[in-house]
Amino acid sequence: MPRSTLIARVLFTLVVILALWYCWILISATQQIGGASPAQQTLGTLPGVRPRAVAKDCTGVVVTAQGTWLVGRVENEYEQLAPSGERIDLNGLVAGKPRDTSQTSVIARLDADGVFKPVAQVSGTACLVTSADGARVVLLTDIYRADDGGAQNVVFRSDDQGKSWAWLRDGFFPDVSGAATTITPYFYGKDEVWAWRWADDIEPLSGVFYSADGGAHSTPITVTEPLAVTADYVRSQHPDIQEWRDSVDQLTHVLQVSPQRAFIWVSQRYWASHPDGKSDNLAFSVTTRVQVQRVAGQWQVENLQRDNGLYISELADNGAGRVIGLIDQGSSGRTLVAELDTGSLAWKPLGELPNVFSPLPAKTRAFGLWVGRNSLLVNTYSGHRPPRWLYWWSEANISADAVFYSQDWGQSWKRLALDGYMGVRGFEGKSDRVIWSQQDYGADTVLNTYRLHQTP
């Protein structure tokens with residue numbers, strides 16, 4: 001065989017191998033093939049009900065010291081829940097008819113025999129929150145109040161693990177107006193809890209409230225000036241940018257580090273078109289931080305500081321002294337996993353987000369961060385652009401979501417064998433367990449767990 005022919009065949013074989021390798025990476029990522037299954041076990045089964053397997057909008061599993069709860073949501077158009085004497089219809093506790101009849105939320109509690117027993121149901125959306133010790137369960141709903149048109153939607157509470165429920169006419173954090181399901185609570189200790197709203201346009205001043213009695217009463221955290229900056233503040237620092245977007249991303253985070261000290265962060269991200277008119281949009285961020293000090297029993301705000309170029313998209317405390325966040329620095333929108341030093345308040349980068357298309361380049365975002373005692377869990381969405389010589393006739397973007405975990409605090413990652421975004425149903429940080437399920441057409445919903453860290 002001529003040498004030139006041999007070389008041609010070798011090159012052709014290499015090209016075929018590279019093409020197959022490239023295609024396999026894309027297929028395995030988009031079809032969610034592969035991944036680890038560490039210490040897989042069945043947590044429980046929800047018989048006869050197939051709620052939507054969506055981890056957002058308050059559905060999923062909540063584990064407390066006194067019980068394990070499941071909140072599911074079914075579409076009434078496809079699945080009608082027949083009345084049952086075993087679960088309480090919470091609609092009957094409120095005068096008037098519920099406004100939303102297209103969906104029903106089901107609240108179930110795990111029994112010792114491994115079965116999630118439905119204990120209540122309510123029309124529309126419901127979000128379950130519990131006290132730090134798990135003794136009190138609060139259900140935030142989007143049902144409109146029928147008594148006096150109050151500012152907050154209907155809230156229910158159970159103090160006996162779902163055996164009975166009461167309508168809280170005064171609400172949960174009654175000073176926080178708007179839909180109850182938009183309240184984001186953060187518990188510290190047994191009865192201390194902070195709350196704020198998800199909204200992009202939080203109230204003037206801090207928009208944060210504190211309660212010493214589990215949310216029954218609350219007081220606003222006041223500051224001398226609003227924590228959120230205006231668009232003019234950001235634009236004045238970048239006079240070279242001519243075209244700005246109207247939308248702004250805004251998130252609030254609260255962390256109490258001791259009985260006497262807490263912190264509030266308000267992160268904002270403004271978007272603008274790149275001056276060259278061709279590149280991706282630019283992101284300009286600013287984070288405002290204040291310390292909240294308890295003086296004579298009252299919380300007082302001090303030390304307001306602004307960090308231009310910083311955006312905190314996630315912040316989580318593992319309950320054992322480690323605070324982990326997802327932060328963006330600069331205008332590229334690149335997200336890093338970082339640890340917060342609660343003494344100096346400095347951020348220490350730990351690693352980058354995992355890329356499901358690796359080693360191919362991709363832009364990756366995170367839609368959830370969970371921090372365990374010895375592990376991290378992150379839900380990602382990555383987009384890969386094929387090279388123009390391969391996909392020359394137009395711009396293309398191939399996207400995929402995935403769930404990764406880390407046992408070394410973000411320095412390395414392993415992909416989990418579960419559906420990205422739709423698969424994660426909950427996380428128990430104390431035991432480093434992720435709770436997940438697969439949506440199928442069976443009669444039951446099966447909840448499984450992976451243990452992300454094995455204690456020696």
# chains A, B, ... in the order shown; residues from 1 in each chain; ligands from 1

call {"tool": "select_by_dssp", "arguments": {"residues": "stretch 274-419 of chain A", "states": "strand (DSSP E or B)", "output": "PDB file with N, CA and C atoms, in the first residue's frame"}}
result
ATOM      1  N   LEU A 282     -24.039  42.504  27.482  1.00  0.00           N
ATOM      2  CA  LEU A 282     -23.185  42.707  28.640  1.00  0.00           C
ATOM      3  C   LEU A 282     -24.033  42.810  29.899  1.00  0.00           C
ATOM      4  N   ALA A 283     -23.483  42.320  31.002  1.00  0.00           N
ATOM      5  CA  ALA A 283     -24.171  42.376  32.286  1.00  0.00           C
ATOM      6  C   ALA A 283     -23.359  43.244  33.243  1.00  0.00           C
ATOM      7  N   PHE A 284     -24.009  44.254  33.810  1.00  0.00           N
ATOM      8  CA  PHE A 284     -23.363  45.126  34.787  1.00  0.00           C
ATOM      9  C   PHE A 284     -24.084  44.967  36.117  1.00  0.00           C
ATOM     10  N   SER A 285     -23.330  44.559  37.131  1.00  0.00           N
ATOM     11  CA  SER A 285     -23.932  44.181  38.410  1.00  0.00           C
ATOM     12  C   SER A 285     -23.459  45.081  39.540  1.00  0.00           C
ATOM     13  N   VAL A 286     -24.282  45.134  40.572  1.00  0.00           N
ATOM     14  CA  VAL A 286     -23.916  45.820  41.803  1.00  0.00           C
ATOM     15  C   VAL A 286     -24.633  45.113  42.952  1.00  0.00           C
ATOM     16  N   THR A 287     -23.919  44.902  44.037  1.00  0.00           N
ATOM     17  CA  THR A 287     -24.498  44.286  45.228  1.00  0.00           C
ATOM     18  C   THR A 287     -24.322  45.228  46.410  1.00  0.00           C
ATOM     19  N   THR A 288     -25.417  45.496  47.091  1.00  0.00           N
ATOM     20  CA  THR A 288     -25.404  46.338  48.280  1.00  0.00           C
ATOM     21  C   THR A 288     -25.543  45.457  49.518  1.00  0.00           C
ATOM     22  N   ARG A 289     -24.664  45.666  50.481  1.00  0.00           N
ATOM     23  CA  ARG A 289     -24.667  44.848  51.694  1.00  0.00           C
ATOM     24  C   ARG A 289     -24.752  45.728  52.922  1.00  0.00           C
ATOM     25  N   VAL A 290     -25.567  45.284  53.886  1.00  0.00           N
ATOM     26  CA  VAL A 290     -25.627  45.964  55.179  1.00  0.00           C
ATOM     27  C   VAL A 290     -25.519  44.936  56.289  1.00  0.00           C
ATOM     28  N   GLN A 291     -24.949  45.361  57.392  1.00  0.00           N
ATOM     29  CA  GLN A 291     -24.929  44.549  58.604  1.00  0.00           C
ATOM     30  C   GLN A 291     -26.101  44.951  59.472  1.00  0.00           C
ATOM     31  N   VAL A 292     -26.757  43.953  60.074  1.00  0.00           N
ATOM     32  CA  VAL A 292     -27.884  44.210  60.969  1.00  0.00           C
ATOM     33  C   VAL A 292     -27.483  43.737  62.356  1.00  0.00           C
ATOM     34  N   GLN A 293     -27.419  44.662  63.290  1.00  0.00           N
ATOM     35  CA  GLN A 293     -26.954  44.379  64.647  1.00  0.00           C
ATOM     36  C   GLN A 293     -28.119  44.506  65.627  1.00  0.00           C
ATOM     37  N   ARG A 294     -28.251  43.526  66.535  1.00  0.00           N
ATOM     38  CA  ARG A 294     -29.312  43.612  67.535  1.00  0.00           C
ATOM     39  C   ARG A 294     -28.822  44.418  68.730  1.00  0.00           C
ATOM     40  N   VAL A 295     -29.499  45.519  68.998  1.00  0.00           N
ATOM     41  CA  VAL A 295     -29.160  46.415  70.092  1.00  0.00           C
ATOM     42  C   VAL A 295     -30.396  46.592  70.966  1.00  0.00           C
ATOM     43  N   GLN A 298     -33.549  45.217  69.564  1.00  0.00           N
ATOM     44  CA  GLN A 298     -34.017  45.725  68.280  1.00  0.00           C
ATOM     45  C   GLN A 298     -32.910  45.613  67.236  1.00  0.00           C
ATOM     46  N   TRP A 299     -33.295  45.277  66.008  1.00  0.00           N
ATOM     47  CA  TRP A 299     -32.324  45.177  64.922  1.00  0.00           C
ATOM     48  C   TRP A 299     -32.061  46.549  64.316  1.00  0.00           C
ATOM     49  N   GLN A 300     -30.787  46.892  64.226  1.00  0.00           N
ATOM     50  CA  GLN A 300     -30.382  48.171  63.652  1.00  0.00           C
ATOM     51  C   GLN A 300     -29.401  47.939  62.511  1.00  0.00           C
ATOM     52  N   VAL A 301     -29.576  48.707  61.441  1.00  0.00           N
ATOM     53  CA  VAL A 301     -28.766  48.545  60.236  1.00  0.00           C
ATOM     54  C   VAL A 301     -27.571  49.472  60.290  1.00  0.00           C
ATOM     55  N   GLU A 302     -26.422  48.949  59.860  1.00  0.00           N
ATOM     56  CA  GLU A 302     -25.211  49.757  59.829  1.00  0.00           C
ATOM     57  C   GLU A 302     -24.278  49.250  58.732  1.00  0.00           C
ATOM     58  N   ASN A 303     -23.278  50.057  58.431  1.00  0.00           N
ATOM     59  CA  ASN A 303     -22.208  49.676  57.492  1.00  0.00           C
ATOM     60  C   ASN A 303     -22.725  49.302  56.107  1.00  0.00           C
ATOM     61  N   LEU A 304     -23.431  50.231  55.468  1.00  0.00           N
ATOM     62  CA  LEU A 304     -23.875  49.993  54.099  1.00  0.00           C
ATOM     63  C   LEU A 304     -22.680  50.078  53.150  1.00  0.00           C
ATOM     64  N   GLN A 305     -22.505  49.054  52.320  1.00  0.00           N
ATOM     65  CA  GLN A 305     -21.417  49.024  51.345  1.00  0.00           C
ATOM     66  C   GLN A 305     -21.926  48.497  50.019  1.00  0.00           C
ATOM     67  N   ARG A 306     -21.370  49.056  48.925  1.00  0.00           N
ATOM     68  CA  ARG A 306     -21.743  48.607  47.582  1.00  0.00           C
ATOM     69  C   ARG A 306     -20.530  48.020  46.888  1.00  0.00           C
ATOM     70  N   ASP A 307     -20.745  46.889  46.234  1.00  0.00           N
ATOM     71  CA  ASP A 307     -19.683  46.189  45.518  1.00  0.00           C
ATOM     72  C   ASP A 307     -20.057  46.153  44.049  1.00  0.00           C
ATOM     73  N   ASN A 308     -19.483  47.054  43.265  1.00  0.00           N
ATOM     74  CA  ASN A 308     -19.766  47.093  41.844  1.00  0.00           C
ATOM     75  C   ASN A 308     -19.136  45.891  41.156  1.00  0.00           C
ATOM     76  N   LEU A 310     -20.394  42.755  41.304  1.00  0.00           N
ATOM     77  CA  LEU A 310     -20.714  41.512  42.001  1.00  0.00           C
ATOM     78  C   LEU A 310     -22.212  41.253  41.939  1.00  0.00           C
ATOM     79  N   TYR A 311     -22.572  40.010  41.605  1.00  0.00           N
ATOM     80  CA  TYR A 311     -23.976  39.584  41.630  1.00  0.00           C
ATOM     81  C   TYR A 311     -24.037  38.220  42.313  1.00  0.00           C
ATOM     82  N   ILE A 312     -24.873  38.098  43.340  1.00  0.00           N
ATOM     83  CA  ILE A 312     -25.028  36.851  44.086  1.00  0.00           C
ATOM     84  C   ILE A 312     -26.344  36.223  43.645  1.00  0.00           C
ATOM     85  N   SER A 313     -26.263  35.106  42.927  1.00  0.00           N
ATOM     86  CA  SER A 313     -27.476  34.459  42.442  1.00  0.00           C
ATOM     87  C   SER A 313     -28.006  33.409  43.414  1.00  0.00           C
ATOM     88  N   GLU A 314     -27.135  32.811  44.219  1.00  0.00           N
ATOM     89  CA  GLU A 314     -27.552  31.827  45.217  1.00  0.00           C
ATOM     90  C   GLU A 314     -26.694  31.999  46.459  1.00  0.00           C
ATOM     91  N   LEU A 315     -27.306  31.759  47.626  1.00  0.00           N
ATOM     92  CA  LEU A 315     -26.586  31.812  48.893  1.00  0.00           C
ATOM     93  C   LEU A 315     -27.189  30.755  49.809  1.00  0.00           C
ATOM     94  N   ALA A 316     -26.353  29.863  50.332  1.00  0.00           N
ATOM     95  CA  ALA A 316     -26.868  28.764  51.152  1.00  0.00           C
ATOM     96  C   ALA A 316     -25.920  28.478  52.306  1.00  0.00           C
ATOM     97  N   ASP A 317     -26.508  28.211  53.476  1.00  0.00           N
ATOM     98  CA  ASP A 317     -25.774  27.895  54.705  1.00  0.00           C
ATOM     99  C   ASP A 317     -25.968  26.409  54.996  1.00  0.00           C
ATOM    100  N   VAL A 323     -20.789  28.730  54.379  1.00  0.00           N
ATOM    101  CA  VAL A 323     -21.745  29.484  53.573  1.00  0.00           C
ATOM    102  C   VAL A 323     -21.222  29.533  52.146  1.00  0.00           C
ATOM    103  N   ILE A 324     -21.989  28.974  51.223  1.00  0.00           N
ATOM    104  CA  ILE A 324     -21.579  28.855  49.836  1.00  0.00           C
ATOM    105  C   ILE A 324     -22.522  29.683  48.967  1.00  0.00           C
ATOM    106  N   GLY A 325     -21.957  30.319  47.952  1.00  0.00           N
ATOM    107  CA  GLY A 325     -22.772  31.101  47.038  1.00  0.00           C
ATOM    108  C   GLY A 325     -22.366  30.895  45.597  1.00  0.00           C
ATOM    109  N   LEU A 326     -23.247  31.267  44.701  1.00  0.00           N
ATOM    110  CA  LEU A 326     -22.940  31.363  43.277  1.00  0.00           C
ATOM    111  C   LEU A 326     -22.851  32.838  42.959  1.00  0.00           C
ATOM    112  N   ILE A 327     -21.694  33.285  42.495  1.00  0.00           N
ATOM    113  CA  ILE A 327     -21.480  34.708  42.269  1.00  0.00           C
ATOM    114  C   ILE A 327     -20.995  34.953  40.844  1.00  0.00           C
ATOM    115  N   ASP A 328     -21.384  36.100  40.304  1.00  0.00           N
ATOM    116  CA  ASP A 328     -20.880  36.584  39.021  1.00  0.00           C
ATOM    117  C   ASP A 328     -20.052  37.829  39.298  1.00  0.00           C
ATOM    118  N   GLN A 329     -18.905  37.905  38.672  1.00  0.00           N
ATOM    119  CA  GLN A 329     -18.050  39.073  38.796  1.00  0.00           C
ATOM    120  C   GLN A 329     -17.649  39.541  37.411  1.00  0.00           C
ATOM    121  N   THR A 335     -20.200  32.545  36.075  1.00  0.00           N
ATOM    122  CA  THR A 335     -20.596  32.214  37.441  1.00  0.00           C
ATOM    123  C   THR A 335     -19.554  31.335  38.105  1.00  0.00           C
ATOM    124  N   LEU A 336     -19.227  31.669  39.349  1.00  0.00           N
ATOM    125  CA  LEU A 336     -18.274  30.900  40.137  1.00  0.00           C
ATOM    126  C   LEU A 336     -18.946  30.383  41.400  1.00  0.00           C
ATOM    127  N   VAL A 337     -18.488  29.221  41.864  1.00  0.00           N
ATOM    128  CA  VAL A 337     -18.863  28.725  43.180  1.00  0.00           C
ATOM    129  C   VAL A 337     -17.867  29.308  44.170  1.00  0.00           C
ATOM    130  N   ALA A 338     -18.365  29.969  45.206  1.00  0.00           N
ATOM    131  CA  ALA A 338     -17.473  30.656  46.141  1.00  0.00           C
ATOM    132  C   ALA A 338     -17.962  30.457  47.562  1.00  0.00           C
ATOM    133  N   GLU A 339     -17.029  30.575  48.508  1.00  0.00           N
ATOM    134  CA  GLU A 339     -17.361  30.463  49.923  1.00  0.00           C
ATOM    135  C   GLU A 339     -17.211  31.817  50.592  1.00  0.00           C
ATOM    136  N   LEU A 340     -18.176  32.134  51.437  1.00  0.00           N
ATOM    137  CA  LEU A 340     -18.163  33.405  52.155  1.00  0.00           C
ATOM    138  C   LEU A 340     -17.501  33.239  53.506  1.00  0.00           C
ATOM    139  N   TRP A 347     -15.174  36.868  49.650  1.00  0.00           N
ATOM    140  CA  TRP A 347     -15.550  35.696  48.870  1.00  0.00           C
ATOM    141  C   TRP A 347     -14.292  34.966  48.414  1.00  0.00           C
ATOM    142  N   LYS A 348     -14.258  33.666  48.649  1.00  0.00           N
ATOM    143  CA  LYS A 348     -13.153  32.825  48.198  1.00  0.00           C
ATOM    144  C   LYS A 348     -13.648  31.912  47.083  1.00  0.00           C
ATOM    145  N   PRO A 349     -13.210  32.135  45.824  1.00  0.00           N
ATOM    146  CA  PRO A 349     -13.641  31.264  44.725  1.00  0.00           C
ATOM    147  C   PRO A 349     -13.197  29.818  44.955  1.00  0.00           C
ATOM    148  N   LEU A 350     -14.129  28.885  44.734  1.00  0.00           N
ATOM    149  CA  LEU A 350     -13.836  27.471  44.899  1.00  0.00           C
ATOM    150  C   LEU A 350     -13.702  26.739  43.572  1.00  0.00           C
ATOM    151  N   GLY A 351     -14.431  27.173  42.571  1.00  0.00           N
ATOM    152  CA  GLY A 351     -14.384  26.513  41.277  1.00  0.00           C
ATOM    153  C   GLY A 351     -15.468  27.051  40.371  1.00  0.00           C
ATOM    154  N   GLU A 352     -15.432  26.610  39.123  1.00  0.00           N
ATOM    155  CA  GLU A 352     -16.426  27.018  38.147  1.00  0.00           C
ATOM    156  C   GLU A 352     -17.581  26.023  38.119  1.00  0.00           C
ATOM    157  N   LYS A 363     -21.559  27.784  27.564  1.00  0.00           N
ATOM    158  CA  LYS A 363     -21.935  28.743  28.587  1.00  0.00           C
ATOM    159  C   LYS A 363     -22.902  28.060  29.539  1.00  0.00           C
ATOM    160  N   THR A 364     -22.605  28.145  30.826  1.00  0.00           N
ATOM    161  CA  THR A 364     -23.376  27.407  31.828  1.00  0.00           C
ATOM    162  C   THR A 364     -23.969  28.355  32.856  1.00  0.00           C
ATOM    163  N   ARG A 365     -25.233  28.115  33.167  1.00  0.00           N
ATOM    164  CA  ARG A 365     -25.916  28.828  34.238  1.00  0.00           C
ATOM    165  C   ARG A 365     -26.437  27.819  35.248  1.00  0.00           C
ATOM    166  N   ALA A 366     -26.705  28.289  36.445  1.00  0.00           N
ATOM    167  CA  ALA A 366     -27.227  27.423  37.502  1.00  0.00           C
ATOM    168  C   ALA A 366     -28.635  27.856  37.864  1.00  0.00           C
ATOM    169  N   PHE A 367     -29.494  26.864  38.123  1.00  0.00           N
ATOM    170  CA  PHE A 367     -30.863  27.136  38.527  1.00  0.00           C
ATOM    171  C   PHE A 367     -31.179  26.514  39.879  1.00  0.00           C
ATOM    172  N   GLY A 368     -30.156  26.312  40.666  1.00  0.00           N
ATOM    173  CA  GLY A 368     -30.365  25.774  41.997  1.00  0.00           C
ATOM    174  C   GLY A 368     -29.053  25.346  42.615  1.00  0.00           C
ATOM    175  N   LEU A 369     -28.876  25.678  43.878  1.00  0.00           N
ATOM    176  CA  LEU A 369     -27.697  25.283  44.642  1.00  0.00           C
ATOM    177  C   LEU A 369     -28.162  24.758  45.988  1.00  0.00           C
ATOM    178  N   TRP A 370     -27.667  23.566  46.356  1.00  0.00           N
ATOM    179  CA  TRP A 370     -27.958  22.982  47.657  1.00  0.00           C
ATOM    180  C   TRP A 370     -26.627  22.659  48.333  1.00  0.00           C
ATOM    181  N   VAL A 371     -26.526  22.970  49.613  1.00  0.00           N
ATOM    182  CA  VAL A 371     -25.274  22.790  50.348  1.00  0.00           C
ATOM    183  C   VAL A 371     -25.512  21.824  51.498  1.00  0.00           C
ATOM    184  N   LEU A 376     -21.872  19.471  47.752  1.00  0.00           N
ATOM    185  CA  LEU A 376     -22.597  20.502  47.028  1.00  0.00           C
ATOM    186  C   LEU A 376     -23.409  19.842  45.921  1.00  0.00           C
ATOM    187  N   LEU A 377     -24.569  20.405  45.646  1.00  0.00           N
ATOM    188  CA  LEU A 377     -25.411  19.943  44.549  1.00  0.00           C
ATOM    189  C   LEU A 377     -25.825  21.156  43.742  1.00  0.00           C
ATOM    190  N   VAL A 378     -25.715  21.054  42.410  1.00  0.00           N
ATOM    191  CA  VAL A 378     -26.052  22.187  41.561  1.00  0.00           C
ATOM    192  C   VAL A 378     -26.812  21.700  40.339  1.00  0.00           C
ATOM    193  N   ASN A 379     -27.838  22.449  39.971  1.00  0.00           N
ATOM    194  CA  ASN A 379     -28.647  22.166  38.790  1.00  0.00           C
ATOM    195  C   ASN A 379     -28.220  23.143  37.703  1.00  0.00           C
ATOM    196  N   THR A 380     -27.763  22.643  36.556  1.00  0.00           N
ATOM    197  CA  THR A 380     -27.163  23.505  35.552  1.00  0.00           C
ATOM    198  C   THR A 380     -27.913  23.449  34.223  1.00  0.00           C
ATOM    199  N   TYR A 381     -27.689  24.495  33.443  1.00  0.00           N
ATOM    200  CA  TYR A 381     -28.188  24.583  32.066  1.00  0.00           C
ATOM    201  C   TYR A 381     -27.046  25.112  31.216  1.00  0.00           C
ATOM    202  N   SER A 382     -26.630  24.327  30.214  1.00  0.00           N
ATOM    203  CA  SER A 382     -25.483  24.689  29.392  1.00  0.00           C
ATOM    204  C   SER A 382     -25.892  24.811  27.929  1.00  0.00           C
ATOM    205  N   GLY A 383     -25.260  25.751  27.246  1.00  0.00           N
ATOM    206  CA  GLY A 383     -25.488  25.931  25.823  1.00  0.00           C
ATOM    207  C   GLY A 383     -24.176  25.870  25.058  1.00  0.00           C
ATOM    208  N   HIS A 384     -24.116  25.011  24.059  1.00  0.00           N
ATOM    209  CA  HIS A 384     -22.907  24.832  23.237  1.00  0.00           C
ATOM    210  C   HIS A 384     -23.195  25.272  21.809  1.00  0.00           C
ATOM    211  N   ILE A 398     -26.894  24.302  20.940  1.00  0.00           N
ATOM    212  CA  ILE A 398     -27.376  23.036  21.480  1.00  0.00           C
ATOM    213  C   ILE A 398     -27.337  23.140  23.000  1.00  0.00           C
ATOM    214  N   SER A 399     -28.471  22.927  23.639  1.00  0.00           N
ATOM    215  CA  SER A 399     -28.560  23.126  25.083  1.00  0.00           C
ATOM    216  C   SER A 399     -28.943  21.841  25.793  1.00  0.00           C
ATOM    217  N   ALA A 400     -28.568  21.762  27.052  1.00  0.00           N
ATOM    218  CA  ALA A 400     -28.904  20.600  27.883  1.00  0.00           C
ATOM    219  C   ALA A 400     -28.796  20.996  29.344  1.00  0.00           C
ATOM    220  N   ASP A 401     -29.634  20.391  30.175  1.00  0.00           N
ATOM    221  CA  ASP A 401     -29.527  20.616  31.613  1.00  0.00           C
ATOM    222  C   ASP A 401     -29.044  19.343  32.281  1.00  0.00           C
ATOM    223  N   ALA A 402     -28.486  19.492  33.458  1.00  0.00           N
ATOM    224  CA  ALA A 402     -27.911  18.355  34.178  1.00  0.00           C
ATOM    225  C   ALA A 402     -27.761  18.719  35.646  1.00  0.00           C
ATOM    226  N   VAL A 403     -27.591  17.690  36.475  1.00  0.00           N
ATOM    227  CA  VAL A 403     -27.385  17.859  37.909  1.00  0.00           C
ATOM    228  C   VAL A 403     -26.025  17.267  38.263  1.00  0.00           C
ATOM    229  N   PHE A 404     -25.218  18.046  38.967  1.00  0.00           N
ATOM    230  CA  PHE A 404     -23.883  17.625  39.369  1.00  0.00           C
ATOM    231  C   PHE A 404     -23.742  17.720  40.882  1.00  0.00           C
ATOM    232  N   TYR A 405     -22.813  16.924  41.427  1.00  0.00           N
ATOM    233  CA  TYR A 405     -22.496  17.049  42.842  1.00  0.00           C
ATOM    234  C   TYR A 405     -20.987  17.062  43.030  1.00  0.00           C
ATOM    235  N   SER A 406     -20.563  17.648  44.135  1.00  0.00           N
ATOM    236  CA  SER A 406     -19.143  17.766  44.442  1.00  0.00           C
ATOM    237  C   SER A 406     -18.904  17.329  45.873  1.00  0.00           C
ATOM    238  N   LYS A 414     -19.145  15.560  39.700  1.00  0.00           N
ATOM    239  CA  LYS A 414     -19.620  14.340  39.074  1.00  0.00           C
ATOM    240  C   LYS A 414     -21.086  14.532  38.704  1.00  0.00           C
ATOM    241  N   ARG A 415     -21.430  14.041  37.534  1.00  0.00           N
ATOM    242  CA  ARG A 415     -22.808  14.148  37.081  1.00  0.00           C
ATOM    243  C   ARG A 415     -23.655  13.050  37.709  1.00  0.00           C
ATOM    244  N   LEU A 416     -24.897  13.395  38.086  1.00  0.00           N
ATOM    245  CA  LEU A 416     -25.815  12.431  38.661  1.00  0.00           C
ATOM    246  C   LEU A 416     -26.736  11.861  37.586  1.00  0.00           C
TER     247      LEU A 416
END

call {"tool": "closest_residue", "arguments": {"among": "A:Asn448, A:Pro2, A:Asn397, A:Leu360", "to": "A:Cys23", "atoms": "only C-alpha atoms"}}
result
A:Leu360

call {"tool": "select_by_dssp", "arguments": {"residues": "stretch 86-163 of chain A", "states": "helix (DSSP H, G or I)", "output": "PyMOL selection string"}}
result
chain A and resi 90-93

call {"tool": "write_last_selection", "arguments": {"atoms": "N, CA and C atoms", "output": "CSV table (one decimal), in the first residue's frame"}}
result
chain,number,residue,atom,x,y,z
A,90,LEU,N,-58.7,21.8,52.3
A,90,LEU,CA,-58.5,23.1,52.9
A,90,LEU,C,-59.4,24.2,52.4
A,91,ASN,N,-59.9,24.0,51.2
A,91,ASN,CA,-60.8,25.0,50.6
A,91,ASN,C,-62.0,25.2,51.5
A,92,GLY,N,-62.5,24.1,52.2
A,92,GLY,CA,-63.6,24.2,53.0
A,92,GLY,C,-63.4,25.1,54.3
A,93,LEU,N,-62.2,25.4,54.6
A,93,LEU,CA,-61.9,26.2,55.8
A,93,LEU,C,-62.0,27.7,55.5

call {"tool": "closest_residue", "arguments": {"among": "A:Thr224, A:Thr130, A:Thr68, A:Ser358", "to": "A:Leu43", "atoms": "only C-alpha atoms"}}
result
A:Thr68

call {"tool": "residues_around", "arguments": {"residues": "A:Pro118", "least_positions_apart": "6", "cutoff": "12 Å", "atoms": "only C-alpha atoms", "output": "list of chain:residue names"}}
result
A:Thr45, A:Leu46, A:Pro47, A:Gly48, A:Val49, A:Pro51, A:Thr68, A:Trp69, A:Leu70, A:Val71, A:Gly72, A:Leu81, A:Pro83, A:Ser84, A:Gly85, A:Glu86, A:Arg87, A:Ile88, A:Asp89, A:Ser105, A:Val106, A:Ile107, A:Ala108, A:Arg109, A:Leu110, A:Asp111, A:Gln161, A:Gly162, A:Lys163

call {"tool": "residues_around", "arguments": {"residues": "A:Thr342", "least_positions_apart": "3", "cutoff": "8 Å", "atoms": "only C-alpha atoms", "output": "list in words"}}
result
Val257, Val323, Leu345 and Ala346 of chain A

call {"tool": "write_last_selection", "arguments": {"atoms": "C-alpha atoms", "output": "PDB file, in the first residue's frame"}}
result
ATOM      1  CA  VAL A 257     -24.631  34.412  61.734  1.00  0.00           C
ATOM      2  CA  VAL A 323     -21.745  29.484  53.573  1.00  0.00           C
ATOM      3  CA  LEU A 345     -17.199  38.886  54.422  1.00  0.00           C
ATOM      4  CA  ALA A 346     -14.704  38.152  51.646  1.00  0.00           C
TER       5      ALA A 346
END

call {"tool": "closest_residue", "arguments": {"among": "A:Phe263, A:Trp194, A:Trp413, A:Tyr270", "to": "A:Leu353", "atoms": "only C-alpha atoms"}}
result
A:Trp413

call {"tool": "residues_around", "arguments": {"residues": "stretch 431-435 of chain A", "least_positions_apart": "2", "cutoff": "8 Å", "atoms": "only C-alpha atoms", "output": "PyMOL selection string"}}
result
chain A and resi 43+61+372-375+424-429+437+447-453

call {"tool": "write_last_selection", "arguments": {"atoms": "C-alpha atoms", "output": "CSV table (one decimal), in the first residue's frame"}}
result
chain,number,residue,atom,x,y,z
A,43,LEU,CA,-37.5,7.0,50.0
A,61,VAL,CA,-39.9,17.3,49.4
A,372,GLY,CA,-24.9,19.7,52.6
A,373,ARG,CA,-22.6,19.1,55.5
A,374,ASN,CA,-20.0,17.5,53.1
A,375,SER,CA,-21.3,18.0,49.6
A,424,VAL,CA,-34.6,17.1,41.8
A,425,ARG,CA,-37.4,17.0,44.3
A,426,GLY,CA,-35.6,18.0,47.5
A,427,PHE,CA,-32.3,17.9,49.5
A,428,GLU,CA,-31.5,16.9,53.0
A,429,GLY,CA,-28.3,18.7,53.8
A,437,SER,CA,-38.0,11.1,40.9
A,447,LEU,CA,-39.3,9.1,45.3
A,448,ASN,CA,-35.7,7.9,45.5
A,449,THR,CA,-32.5,9.2,47.1
A,450,TYR,CA,-28.8,9.4,46.3
A,451,ARG,CA,-26.4,9.8,49.2
A,452,LEU,CA,-23.7,12.2,48.0
A,453,HIS,CA,-21.2,11.6,50.8

call {"tool": "residues_around", "arguments": {"residues": "A:Asp142", "least_positions_apart": "4", "cutoff": "8 Å", "atoms": "only C-alpha atoms", "output": "PyMOL selection string"}}
result
chain A and resi 124-126+153-154+179-181

call {"tool": "write_last_selection", "arguments": {"atoms": "N, CA and C atoms", "output": "compact mmCIF listing (two decimals), in the first residue's frame"}}
result
# COMPACT_ATOMS: atom_id res chain seq x y z
N GLY A 124 -55.10 25.44 43.54
CA GLY A 124 -54.05 26.37 43.15
C GLY A 124 -52.68 25.98 43.66
N THR A 125 -51.85 27.00 43.89
CA THR A 125 -50.46 26.80 44.31
C THR A 125 -50.34 26.84 45.82
N ALA A 126 -49.51 25.95 46.37
CA ALA A 126 -49.26 25.94 47.81
C ALA A 126 -47.77 25.73 48.05
N ASN A 153 -52.68 36.57 50.75
CA ASN A 153 -53.51 35.41 50.44
C ASN A 153 -53.65 34.50 51.66
N VAL A 154 -54.46 33.46 51.48
CA VAL A 154 -54.78 32.56 52.59
C VAL A 154 -53.56 31.74 53.00
N ALA A 179 -48.97 38.30 47.19
CA ALA A 179 -49.24 36.88 47.22
C ALA A 179 -48.37 36.20 48.27
N ALA A 180 -48.99 35.35 49.09
CA ALA A 180 -48.24 34.67 50.15
C ALA A 180 -47.17 33.75 49.56
N THR A 181 -47.42 33.21 48.37
CA THR A 181 -46.47 32.28 47.77
C THR A 181 -45.21 32.95 47.28
